[in-house]
Amino acid sequence: MDAFDLLGLPRRPLLAPADVRAAFQNQARARHPDAAGGDAEAFAELNEASAILSHPARRLRLLLGDAAAAGGISDTDLFLRVGALVQAARRWQIRRDAKSPLERALAASEAAKIRQELEDMIGLVAAAMENADGQLIALDRAWPEVSPADLSALAARFDRLLLWKRQLAELQLAP
């Protein structure tokens with residue numbers, strides 16, 4: 001999906017919020033699931049396109065060609081989510097090992113949720129690694145006309161992603 005094409009808006013860094021809203025509303029009339037010929041999947045895609053183009057950082061990432069980040073998970077978002085999950089898992093481990101039956105019961109009720117979040121986060125980090133691998137391939141194709149800043153940025157991204165991957169792998173959620 002190309003959010004710009006879907007909403008019929010120009011590929012530009014700056015879009016007026018009113019223009020994005022008007023384009024969304026125009027398309028939404030025909031695609032809404034309650035409208036004749038409407039389609040829930042197409043409407044959801046339209047909502048996502050509007051969300052991307054309404055958010056300056058996501059719109060800029062889309063222009064840069066980072067579709068994964070534009071689609072919702074930037075490295076910044078991933079950093080915050082990984083950090084929150086690591087903290088939640090550590091709190092869970094403290095509760096699990098507590099002497100209080102209440103704390104252990106709370107830990108047991110949280111375990112499944114944290115395990116699912118961990119599995120989801122591992123998948124998100126893996127997808128981000130695939131995206132970074134794609135960036136590496138693109139840089140290799142452009143070699144040697146690659147700026148040092150681009151190389152440095154990608155190296156830093158790999159460092160972050162590998163750190164998060166290791167942190168998630170180290171979480172122990174055994175009963």
# chains A, B, ... in the order shown; residues from 1 in each chain; ligands from 1

call {"tool": "residues_around", "arguments": {"residues": "stretch 70-86 of chain A", "least_positions_apart": "4", "cutoff": "7 Å", "atoms": "only C-alpha atoms", "output": "list in words"}}
result
Ile52, Arg58, Arg59, Arg61, Leu62, Asp66, Arg90, Met121 and Trp164 of chain A

call {"tool": "write_last_selection", "arguments": {"atoms": "N, CA and C atoms", "output": "mmCIF file, in the first residue's frame"}}
result
data_model
loop_
_atom_site.group_PDB
_atom_site.id
_atom_site.type_symbol
_atom_site.label_atom_id
_atom_site.label_comp_id
_atom_site.auth_asym_id
_atom_site.auth_seq_id
_atom_site.Cartn_x
_atom_site.Cartn_y
_atom_site.Cartn_z
ATOM 1 N N ILE A 52 -0.698 7.261 8.802
ATOM 2 C CA ILE A 52 0.691 7.487 8.384
ATOM 3 C C ILE A 52 0.873 8.926 7.913
ATOM 4 N N ARG A 58 6.091 9.556 10.601
ATOM 5 C CA ARG A 58 5.755 8.386 9.787
ATOM 6 C C ARG A 58 5.705 8.754 8.311
ATOM 7 N N ARG A 59 5.193 9.936 7.997
ATOM 8 C CA ARG A 59 5.129 10.401 6.604
ATOM 9 C C ARG A 59 6.546 10.551 6.048
ATOM 10 N N ARG A 61 9.263 9.003 7.097
ATOM 11 C CA ARG A 61 9.855 7.670 6.928
ATOM 12 C C ARG A 61 9.355 7.019 5.651
ATOM 13 N N LEU A 62 8.090 7.217 5.346
ATOM 14 C CA LEU A 62 7.527 6.661 4.119
ATOM 15 C C LEU A 62 8.227 7.270 2.908
ATOM 16 N N ASP A 66 11.254 3.775 4.103
ATOM 17 C CA ASP A 66 11.228 2.840 5.231
ATOM 18 C C ASP A 66 9.784 2.456 5.514
ATOM 19 N N ARG A 90 10.995 -8.229 34.292
ATOM 20 C CA ARG A 90 11.770 -8.199 35.537
ATOM 21 C C ARG A 90 10.846 -8.086 36.747
ATOM 22 N N MET A 121 7.227 -9.232 20.399
ATOM 23 C CA MET A 121 8.351 -8.308 20.311
ATOM 24 C C MET A 121 9.524 -8.939 19.575
ATOM 25 N N TRP A 164 18.730 -5.241 21.331
ATOM 26 C CA TRP A 164 17.359 -5.582 21.712
ATOM 27 C C TRP A 164 17.095 -7.072 21.525
#

call {"tool": "atom_distance", "arguments": {"atom1": "atom CA of A:Ala42", "atom2": "atom CA of A:Leu63"}}
result
22.1 Å

call {"tool": "closest_residue", "arguments": {"among": "A:Met129, A:Leu53, A:Ala3, A:Lys99", "to": "A:Asp159", "atoms": "only C-alpha atoms"}}
result
A:Met129

call {"tool": "closest_residue", "arguments": {"among": "A:Arg141, A:Gln93, A:Leu9, A:Ala111", "to": "A:Ser54", "atoms": "only C-alpha atoms"}}
result
A:Leu9

call {"tool": "atom_distance", "arguments": {"atom1": "atom CA of A:Ala155", "atom2": "atom CA of A:Gln167"}}
result
18.4 Å

call {"tool": "select_by_dssp", "arguments": {"residues": "stretch 66-113 of chain A", "states": "helix (DSSP H, G or I)", "output": "number ranges by chain"}}
result
A: 67-70, 75-96, 101-113

call {"tool": "write_last_selection", "arguments": {"atoms": "C-alpha atoms", "output": "PDB file, in the first residue's frame"}}
result
ATOM      1  CA  ALA A  67       7.835   1.220   4.790  1.00  0.00           C
ATOM      2  CA  ALA A  68       8.142  -0.886   7.946  1.00  0.00           C
ATOM      3  CA  ALA A  69       8.779   2.152  10.091  1.00  0.00           C
ATOM      4  CA  ALA A  70       6.112   4.163   8.299  1.00  0.00           C
ATOM      5  CA  ASP A  75      13.167   2.126  15.912  1.00  0.00           C
ATOM      6  CA  THR A  76      12.169   4.685  18.544  1.00  0.00           C
ATOM      7  CA  ASP A  77       8.828   2.948  19.090  1.00  0.00           C
ATOM      8  CA  LEU A  78      10.575  -0.403  19.170  1.00  0.00           C
ATOM      9  CA  PHE A  79      13.076   0.903  21.751  1.00  0.00           C
ATOM     10  CA  LEU A  80      10.262   2.051  24.031  1.00  0.00           C
ATOM     11  CA  ARG A  81       8.324  -1.198  23.661  1.00  0.00           C
ATOM     12  CA  VAL A  82      11.363  -3.413  24.238  1.00  0.00           C
ATOM     13  CA  GLY A  83      12.279  -1.380  27.326  1.00  0.00           C
ATOM     14  CA  ALA A  84       8.759  -1.610  28.727  1.00  0.00           C
ATOM     15  CA  LEU A  85       8.659  -5.361  28.118  1.00  0.00           C
ATOM     16  CA  VAL A  86      12.041  -5.928  29.765  1.00  0.00           C
ATOM     17  CA  GLN A  87      10.856  -3.977  32.818  1.00  0.00           C
ATOM     18  CA  ALA A  88       7.566  -5.905  32.943  1.00  0.00           C
ATOM     19  CA  ALA A  89       9.427  -9.213  32.732  1.00  0.00           C
ATOM     20  CA  ARG A  90      11.770  -8.199  35.537  1.00  0.00           C
ATOM     21  CA  ARG A  91       8.820  -7.179  37.737  1.00  0.00           C
ATOM     22  CA  TRP A  92       7.231 -10.533  36.903  1.00  0.00           C
ATOM     23  CA  GLN A  93      10.390 -12.385  37.950  1.00  0.00           C
ATOM     24  CA  ILE A  94      10.427 -10.563  41.292  1.00  0.00           C
ATOM     25  CA  ARG A  95       6.772 -11.470  41.898  1.00  0.00           C
ATOM     26  CA  ARG A  96       7.345 -15.063  40.812  1.00  0.00           C
ATOM     27  CA  PRO A 101       1.304 -16.153  47.980  1.00  0.00           C
ATOM     28  CA  LEU A 102      -0.472 -13.078  46.640  1.00  0.00           C
ATOM     29  CA  GLU A 103       2.615 -11.912  44.737  1.00  0.00           C
ATOM     30  CA  ARG A 104       3.117 -15.397  43.292  1.00  0.00           C
ATOM     31  CA  ALA A 105      -0.547 -15.528  42.236  1.00  0.00           C
ATOM     32  CA  LEU A 106      -0.234 -12.153  40.529  1.00  0.00           C
ATOM     33  CA  ALA A 107       2.867 -13.396  38.736  1.00  0.00           C
ATOM     34  CA  ALA A 108       1.070 -16.498  37.528  1.00  0.00           C
ATOM     35  CA  SER A 109      -1.759 -14.424  36.091  1.00  0.00           C
ATOM     36  CA  GLU A 110       0.710 -12.140  34.255  1.00  0.00           C
ATOM     37  CA  ALA A 111       2.910 -14.907  32.830  1.00  0.00           C
ATOM     38  CA  ALA A 112       0.860 -15.729  29.730  1.00  0.00           C
ATOM     39  CA  LYS A 113       0.450 -12.075  28.802  1.00  0.00           C
TER      40      LYS A 113
END

call {"tool": "atom_distance", "arguments": {"atom1": "atom CA of A:Asp140", "atom2": "atom CA of A:Ser152"}}
result
13.8 Å
